[in-house]
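Structure file my_file.cif with mmCIF, C-alpha atoms:
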```cif
data_work
loop_
_atom_site.group_PDB
_atom_site.id
_atom_site.type_symbol
_atom_site.label_atom_id
_atom_site.label_comp_id
_atom_site.auth_asym_id
_atom_site.auth_seq_id
_atom_site.Cartn_x
_atom_site.Cartn_y
_atom_site.Cartn_z
ATOM 1 C CA MET F 1 -127.631 80.207 -175.383
ATOM 2 C CA GLY F 2 -125.377 79.969 -172.303
ATOM 3 C CA ALA F 3 -121.685 79.774 -172.811
ATOM 4 C CA GLY F 4 -121.247 76.474 -170.883
ATOM 5 C CA THR F 5 -124.026 74.478 -172.593
ATOM 6 C CA ILE F 6 -123.174 72.033 -175.309
ATOM 7 C CA LEU F 7 -125.968 70.778 -177.499
ATOM 8 C CA ALA F 8 -125.933 67.733 -179.737
ATOM 9 C CA VAL F 9 -126.462 68.318 -183.433
ATOM 10 C CA GLY F 10 -130.052 69.264 -184.053
ATOM 11 C CA GLU F 11 -130.943 69.380 -180.340
ATOM 12 C CA ILE F 12 -132.943 72.318 -179.190
ATOM 13 C CA GLY F 13 -133.451 73.608 -175.662
ATOM 14 C CA ASP F 14 -131.767 73.673 -172.301
ATOM 15 C CA PRO F 15 -130.480 70.279 -170.951
ATOM 16 C CA GLY F 16 -130.716 71.566 -167.371
ATOM 17 C CA HIS F 17 -128.585 70.533 -164.427
ATOM 18 C CA GLY F 18 -126.897 67.190 -164.052
ATOM 19 C CA LEU F 19 -128.234 64.702 -161.449
ATOM 20 C CA THR F 20 -127.072 65.101 -157.905
ATOM 21 C CA TRP F 21 -125.534 61.937 -156.360
ATOM 22 C CA VAL F 22 -128.662 61.411 -154.257
ATOM 23 C CA GLN F 23 -130.843 61.357 -157.355
ATOM 24 C CA THR F 24 -128.416 59.043 -159.136
ATOM 25 C CA VAL F 25 -128.450 56.565 -156.268
ATOM 26 C CA LEU F 26 -132.258 56.700 -156.018
ATOM 27 C CA ILE F 27 -132.806 56.159 -159.725
ATOM 28 C CA TYR F 28 -130.134 53.586 -160.512
ATOM 29 C CA ILE F 29 -130.089 51.641 -157.220
ATOM 30 C CA GLY F 30 -133.235 52.586 -155.299
ATOM 31 C CA ILE F 31 -135.738 51.832 -158.050
ATOM 32 C CA PRO F 32 -134.260 48.437 -159.083
ATOM 33 C CA VAL F 33 -134.018 47.319 -155.448
ATOM 34 C CA ALA F 34 -137.604 48.403 -154.788
ATOM 35 C CA ALA F 35 -138.788 46.589 -157.903
ATOM 36 C CA ALA F 36 -136.953 43.421 -156.899
ATOM 37 C CA LEU F 37 -138.465 43.556 -153.409
ATOM 38 C CA ILE F 38 -141.983 44.007 -154.778
ATOM 39 C CA ILE F 39 -141.564 41.095 -157.196
ATOM 40 C CA THR F 40 -140.158 38.864 -154.446
ATOM 41 C CA PHE F 41 -143.091 39.716 -152.201
ATOM 42 C CA LEU F 42 -145.595 38.958 -154.967
ATOM 43 C CA VAL F 43 -143.925 35.609 -155.669
ATOM 44 C CA TYR F 44 -144.101 34.514 -152.032
ATOM 45 C CA LEU F 45 -147.555 35.981 -151.389
ATOM 46 C CA PRO F 46 -149.593 32.912 -152.483
ATOM 47 C CA SER F 47 -147.664 30.544 -150.227
ATOM 48 C CA LEU F 48 -147.876 33.037 -147.354
ATOM 49 C CA ILE F 49 -151.649 33.016 -147.743
ATOM 50 C CA ARG F 50 -151.950 29.227 -148.215
ATOM 51 C CA GLY F 51 -149.737 28.454 -145.262
ATOM 52 C CA PRO F 52 -147.572 25.369 -144.771
ATOM 53 C CA ARG F 53 -147.811 22.666 -147.345
ATOM 54 C CA TYR F 54 -147.190 18.945 -147.245
ATOM 55 C CA ARG F 55 -144.549 17.701 -149.667
ATOM 56 C CA PRO F 56 -144.379 13.953 -150.229
ATOM 57 C CA GLY F 57 -141.010 12.541 -149.235
ATOM 58 C CA ARG F 58 -140.083 15.319 -146.835
ATOM 59 C CA PRO F 59 -139.777 14.458 -143.147
ATOM 60 C CA TRP F 60 -142.924 14.994 -141.093
ATOM 61 C CA THR F 61 -142.245 17.357 -138.213
ATOM 62 C CA ALA F 62 -145.747 18.301 -137.109
ATOM 63 C CA GLY F 63 -146.205 15.409 -134.680
ATOM 64 C CA SER F 64 -149.477 13.523 -134.557
ATOM 65 C CA VAL F 65 -152.966 14.941 -134.658
ATOM 66 C CA TRP F 66 -156.224 13.178 -133.917
ATOM 67 C CA PHE F 67 -159.279 14.821 -135.420
ATOM 68 C CA GLY F 68 -162.424 13.581 -133.760
ATOM 69 C CA GLY F 69 -160.561 11.932 -130.902
ATOM 70 C CA SER F 70 -160.155 13.515 -127.500
ATOM 71 C CA THR F 71 -156.898 11.844 -126.534
ATOM 72 C CA GLU F 72 -153.280 11.929 -127.608
ATOM 73 C CA ALA F 73 -152.967 9.471 -130.500
ATOM 74 C CA ALA F 74 -149.535 7.993 -129.786
ATOM 75 C CA GLU F 75 -150.272 7.353 -126.114
ATOM 76 C CA SER F 76 -153.639 5.719 -126.738
ATOM 77 C CA ALA F 77 -152.150 3.405 -129.349
ATOM 78 C CA ARG F 78 -149.376 2.377 -126.970
ATOM 79 C CA ALA F 79 -151.872 1.665 -124.184
ATOM 80 C CA VAL F 80 -153.563 -1.055 -126.256
ATOM 81 C CA ASP F 81 -152.062 -4.500 -125.700
ATOM 82 C CA SER F 82 -154.641 -6.735 -127.355
ATOM 83 C CA LEU F 83 -157.084 -5.925 -130.133
ATOM 84 C CA PRO F 84 -160.773 -6.369 -129.278
ATOM 85 C CA PRO F 85 -163.146 -8.233 -131.626
ATOM 86 C CA ALA F 86 -164.698 -4.870 -132.586
ATOM 87 C CA THR F 87 -161.427 -4.098 -134.343
ATOM 88 C CA THR F 88 -160.258 -7.525 -135.502
ATOM 89 C CA GLU F 89 -163.645 -8.455 -136.982
ATOM 90 C CA GLY F 90 -163.883 -5.119 -138.709
ATOM 91 C CA GLY F 91 -162.504 -4.276 -142.096
ATOM 92 C CA GLY F 92 -160.920 -1.432 -143.903
ATOM 93 C CA ALA F 93 -158.477 -0.700 -146.654
ATOM 94 C CA SER F 94 -155.084 0.788 -147.259
ATOM 95 C CA ALA F 95 -153.320 2.685 -149.973
ATOM 96 C CA ARG F 96 -149.906 4.176 -150.561
ATOM 97 C CA TRP F 97 -148.649 7.087 -152.566
ATOM 98 C CA MET R 1 -150.627 20.683 -130.030
ATOM 99 C CA PRO R 2 -148.637 21.393 -133.200
ATOM 100 C CA VAL R 3 -151.623 21.028 -135.532
ATOM 101 C CA GLY R 4 -150.925 24.468 -136.913
ATOM 102 C CA ASP R 5 -147.595 23.273 -138.273
ATOM 103 C CA ALA R 6 -149.286 21.050 -140.801
ATOM 104 C CA PHE R 7 -152.637 22.716 -141.434
ATOM 105 C CA THR R 8 -154.077 26.188 -141.559
ATOM 106 C CA GLN R 9 -156.967 27.018 -139.257
ATOM 107 C CA ARG R 10 -159.292 26.949 -142.258
ATOM 108 C CA GLN R 11 -158.182 23.433 -143.203
ATOM 109 C CA ILE R 12 -158.638 22.272 -139.618
ATOM 110 C CA ASP R 13 -162.170 23.671 -139.641
ATOM 111 C CA GLU R 14 -162.930 21.942 -142.946
ATOM 112 C CA ILE R 15 -161.748 18.571 -141.663
ATOM 113 C CA ARG R 16 -163.752 18.976 -138.440
ATOM 114 C CA ARG R 17 -166.857 19.945 -140.398
ATOM 115 C CA ALA R 18 -166.494 16.966 -142.754
ATOM 116 C CA LEU R 19 -166.144 14.624 -139.779
ATOM 117 C CA ALA R 20 -169.131 16.105 -137.989
ATOM 118 C CA SER R 21 -171.421 15.831 -140.991
ATOM 119 C CA ALA R 22 -170.202 12.296 -141.766
ATOM 120 C CA ARG R 23 -171.058 11.322 -138.207
ATOM 121 C CA SER R 24 -174.515 12.815 -138.287
ATOM 122 C CA GLU R 25 -175.297 11.369 -141.719
ATOM 123 C CA THR R 26 -174.210 7.821 -140.961
ATOM 124 C CA GLY R 27 -174.267 7.430 -137.188
ATOM 125 C CA LEU R 28 -170.710 6.067 -137.458
ATOM 126 C CA LEU R 29 -167.851 7.508 -135.459
ATOM 127 C CA PHE R 30 -165.501 8.955 -138.065
ATOM 128 C CA SER R 31 -162.078 10.172 -137.002
ATOM 129 C CA VAL R 32 -158.740 10.922 -138.612
ATOM 130 C CA VAL R 33 -155.227 10.561 -137.234
ATOM 131 C CA ILE R 34 -152.265 12.109 -139.017
ATOM 132 C CA GLY R 35 -148.781 11.394 -137.783
ATOM 133 C CA PRO R 36 -145.903 8.984 -137.483
ATOM 134 C CA ALA R 37 -146.543 5.307 -136.704
ATOM 135 C CA ASP R 38 -144.917 3.262 -133.951
ATOM 136 C CA GLY R 39 -143.744 0.249 -135.919
ATOM 137 C CA GLU R 40 -145.889 -1.254 -138.648
ATOM 138 C CA VAL R 41 -148.409 1.211 -140.102
ATOM 139 C CA ARG R 42 -151.414 -1.128 -140.243
ATOM 140 C CA ASP R 43 -150.758 -2.394 -136.705
ATOM 141 C CA HIS R 44 -150.576 1.152 -135.437
ATOM 142 C CA ALA R 45 -153.871 1.995 -137.145
ATOM 143 C CA LEU R 46 -155.515 -1.076 -135.571
ATOM 144 C CA GLN R 47 -154.218 -0.071 -132.137
ATOM 145 C CA LEU R 48 -155.561 3.446 -132.568
ATOM 146 C CA HIS R 49 -158.919 1.982 -133.565
ATOM 147 C CA ALA R 50 -158.894 -0.385 -130.584
ATOM 148 C CA SER R 51 -158.090 2.497 -128.223
ATOM 149 C CA LEU R 52 -161.570 3.891 -128.908
ATOM 150 C CA GLY R 53 -162.865 1.231 -126.517
ATOM 151 C CA ASP R 54 -166.629 0.747 -126.605
ATOM 152 C CA ASP R 55 -166.925 3.034 -129.612
ATOM 153 C CA ALA R 56 -164.573 0.904 -131.733
ATOM 154 C CA ALA R 57 -167.426 -1.174 -133.160
ATOM 155 C CA ILE R 58 -169.046 1.806 -134.851
ATOM 156 C CA ALA R 59 -165.784 3.636 -135.541
ATOM 157 C CA VAL R 60 -164.245 4.399 -138.907
ATOM 158 C CA LEU R 61 -160.657 5.429 -138.321
ATOM 159 C CA THR R 62 -158.492 6.885 -141.053
ATOM 160 C CA PHE R 63 -154.800 6.875 -140.284
ATOM 161 C CA VAL R 64 -152.492 8.935 -142.475
ATOM 162 C CA GLU R 65 -148.746 8.305 -142.223
ATOM 163 C CA PRO R 66 -147.175 11.154 -144.209
ATOM 164 C CA GLU R 67 -143.593 9.896 -143.992
ATOM 165 C CA ALA R 68 -144.280 6.282 -144.901
ATOM 166 C CA ARG R 69 -146.802 7.586 -147.482
ATOM 167 C CA ARG R 70 -149.497 5.217 -146.314
ATOM 168 C CA VAL R 71 -153.161 5.681 -145.558
ATOM 169 C CA GLU R 72 -155.039 3.057 -143.557
ATOM 170 C CA ILE R 73 -158.773 2.892 -142.997
ATOM 171 C CA VAL R 74 -160.005 0.709 -140.140
ATOM 172 C CA THR R 75 -163.708 -0.014 -139.775
ATOM 173 C CA GLY R 76 -165.255 -1.591 -136.681
ATOM 174 C CA ASN R 77 -167.285 -4.797 -136.949
ATOM 175 C CA VAL R 78 -170.582 -2.887 -136.866
ATOM 176 C CA ALA R 79 -169.355 -0.020 -139.065
ATOM 177 C CA ARG R 80 -168.240 -2.523 -141.685
ATOM 178 C CA ARG R 81 -171.858 -3.508 -142.366
ATOM 179 C CA SER R 82 -172.622 -0.071 -143.766
ATOM 180 C CA LEU R 83 -169.136 0.792 -145.023
ATOM 181 C CA ASP R 84 -167.758 -2.276 -146.777
ATOM 182 C CA ASP R 85 -164.109 -2.827 -147.666
ATOM 183 C CA ARG R 86 -164.660 -1.892 -151.304
ATOM 184 C CA ALA R 87 -166.001 1.541 -150.382
ATOM 185 C CA ALA R 88 -163.104 2.000 -147.957
ATOM 186 C CA ALA R 89 -160.619 0.991 -150.664
ATOM 187 C CA LEU R 90 -162.112 3.508 -153.069
ATOM 188 C CA ALA R 91 -161.867 6.286 -150.479
ATOM 189 C CA SER R 92 -158.297 5.342 -149.566
ATOM 190 C CA LEU R 93 -157.232 5.448 -153.216
ATOM 191 C CA SER R 94 -158.841 8.829 -153.681
ATOM 192 C CA MET R 95 -157.073 10.138 -150.594
ATOM 193 C CA ALA R 96 -153.702 8.726 -151.669
ATOM 194 C CA THR R 97 -154.047 10.491 -155.016
ATOM 195 C CA SER R 98 -154.636 13.849 -153.316
ATOM 196 C CA PHE R 99 -151.801 13.243 -150.841
ATOM 197 C CA ALA R 100 -149.388 12.463 -153.660
ATOM 198 C CA GLY R 101 -150.181 15.911 -155.024
ATOM 199 C CA GLY R 102 -149.380 17.474 -151.649
ATOM 200 C CA ASP R 103 -152.986 18.135 -150.634
ATOM 201 C CA LEU R 104 -153.420 16.534 -147.228
ATOM 202 C CA ALA R 105 -156.464 18.450 -146.015
ATOM 203 C CA GLY R 106 -158.340 18.242 -149.325
ATOM 204 C CA GLY R 107 -157.719 14.508 -149.600
ATOM 205 C CA ILE R 108 -158.923 13.888 -146.072
ATOM 206 C CA VAL R 109 -162.086 15.958 -146.541
ATOM 207 C CA ASN R 110 -162.955 14.251 -149.829
ATOM 208 C CA GLY R 111 -162.186 10.785 -148.497
ATOM 209 C CA ILE R 112 -164.467 11.312 -145.510
ATOM 210 C CA ARG R 113 -167.246 12.599 -147.751
ATOM 211 C CA MET R 114 -166.912 9.569 -150.023
ATOM 212 C CA MET R 115 -167.109 7.172 -147.097
ATOM 213 C CA ALA R 116 -170.065 9.006 -145.575
ATOM 214 C CA GLN R 117 -171.861 8.900 -148.892
ATOM 215 C CA SER R 118 -171.401 5.178 -149.451
ATOM 216 C CA ALA R 119 -172.300 4.435 -145.829
ATOM 217 C CA THR R 120 -175.587 6.319 -146.108
ATOM 218 C CA MET R 121 -176.633 4.702 -149.379
ATOM 219 C CA PRO R 122 -179.263 2.056 -148.718
ATOM 220 C CA PRO R 123 -178.400 -1.485 -149.828
ATOM 221 C CA VAL R 124 -179.306 -1.999 -153.470
ATOM 222 C CA ALA R 125 -182.665 -3.784 -153.726
ATOM 223 C CA HIS R 126 -183.448 -5.941 -156.696
ATOM 224 C CA GLN R 127 -185.577 -4.071 -159.137
ATOM 225 C CA HIS R 128 -187.944 -5.940 -161.390
ATOM 226 C CA GLY R 129 -188.460 -3.687 -164.381
ATOM 227 C CA ALA R 130 -190.190 -0.346 -164.203
ATOM 228 C CA ASP R 131 -193.693 -1.366 -165.206
#
```
Show me, as structure tokens, the structure contained in the file I just sent.
Amino acid sequence: MGAGTILAVGEIGDPGHGLTWVQTVLIYIGIPVAAALIITFLVYLPSLIRGPRYRPGRPWTAGSVWFGGSTEAAESARAVDSLPPATTEGGGASARW
Amino acid sequence: MPVGDAFTQRQIDEIRRALASARSETGLLFSVVIGPADGEVRDHALQLHASLGDDAAIAVLTFVEPEARRVEIVTGNVARRSLDDRAAALASLSMATSFAGGDLAGGIVNGIRMMAQSATMPPVAHQHGAD
């Protein structure tokens, strides 16, 4: 047994060298930071895949979209000054949420 | 066009597909507008419908106002014969329920399918017993 080694009661063997400061930083700071980053990434992953999501009550910033129409919705609505019978004699429904 | 801000490419494709199959199944001109309204929501929806010109008669326009939380369905005078107001009301309620849960694209796709389905169903004939 080396002169400089101190062993706890009942402990057998050589405790080896102490950690260098690089190892200390890696183990006590590097690993927790890496773990936190991985967890953060996993938490945000589903919404990254799903993309933007509509939340009721939040302002709508995406402008207007017309699926199945070739023109710009806002402009075409503004261009109409009187409703034709095709529209007024039609029907429809409305709902709110 | 800032469509990508509100929908993913996949959702856009789904909505387009639902519209295309609704059109081919019913012969009606289905379309969907999502965005802010100038003034009153119903009036804006009617103006959008009227802007379709000659196609307005056979058009079924769904207008979704995400900020006012309103959905309006406007049917043309010819379209109304196959898609009555009750069927439109049912579809609009179904859409509003999905929208309240934050699912814009899913609600639109389902609403269009519902309308297409009720517009393709033949009028109920009186049945006199199965003998």
| Just so the selection is clear, what residues does the PyMOL selection byres ((chain F) within 7 of (chain R)) cover here, as an MDAnalysis selection string? | chainID F and resid 51:57 59:60 62:69 73 76:77 80 83:84 86:87 89:97
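For the atom pair formed by atom CA of F:Asp81 and atom CA of F:Thr61, the distance is 27.0 Å, given to one decimal.
A straight line drawn from atom CA of R:Glu14 to atom CA of R:Met114 is 14.8 Å long.
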| said: Just the number, please: distance in Å from atom CA of R:Gly111 to atom CA of R:Glu40, one decimal. | reply: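 Interatomic distance, atom CA of R:Gly111 to atom CA of R:Glu40: 22.5 Å.
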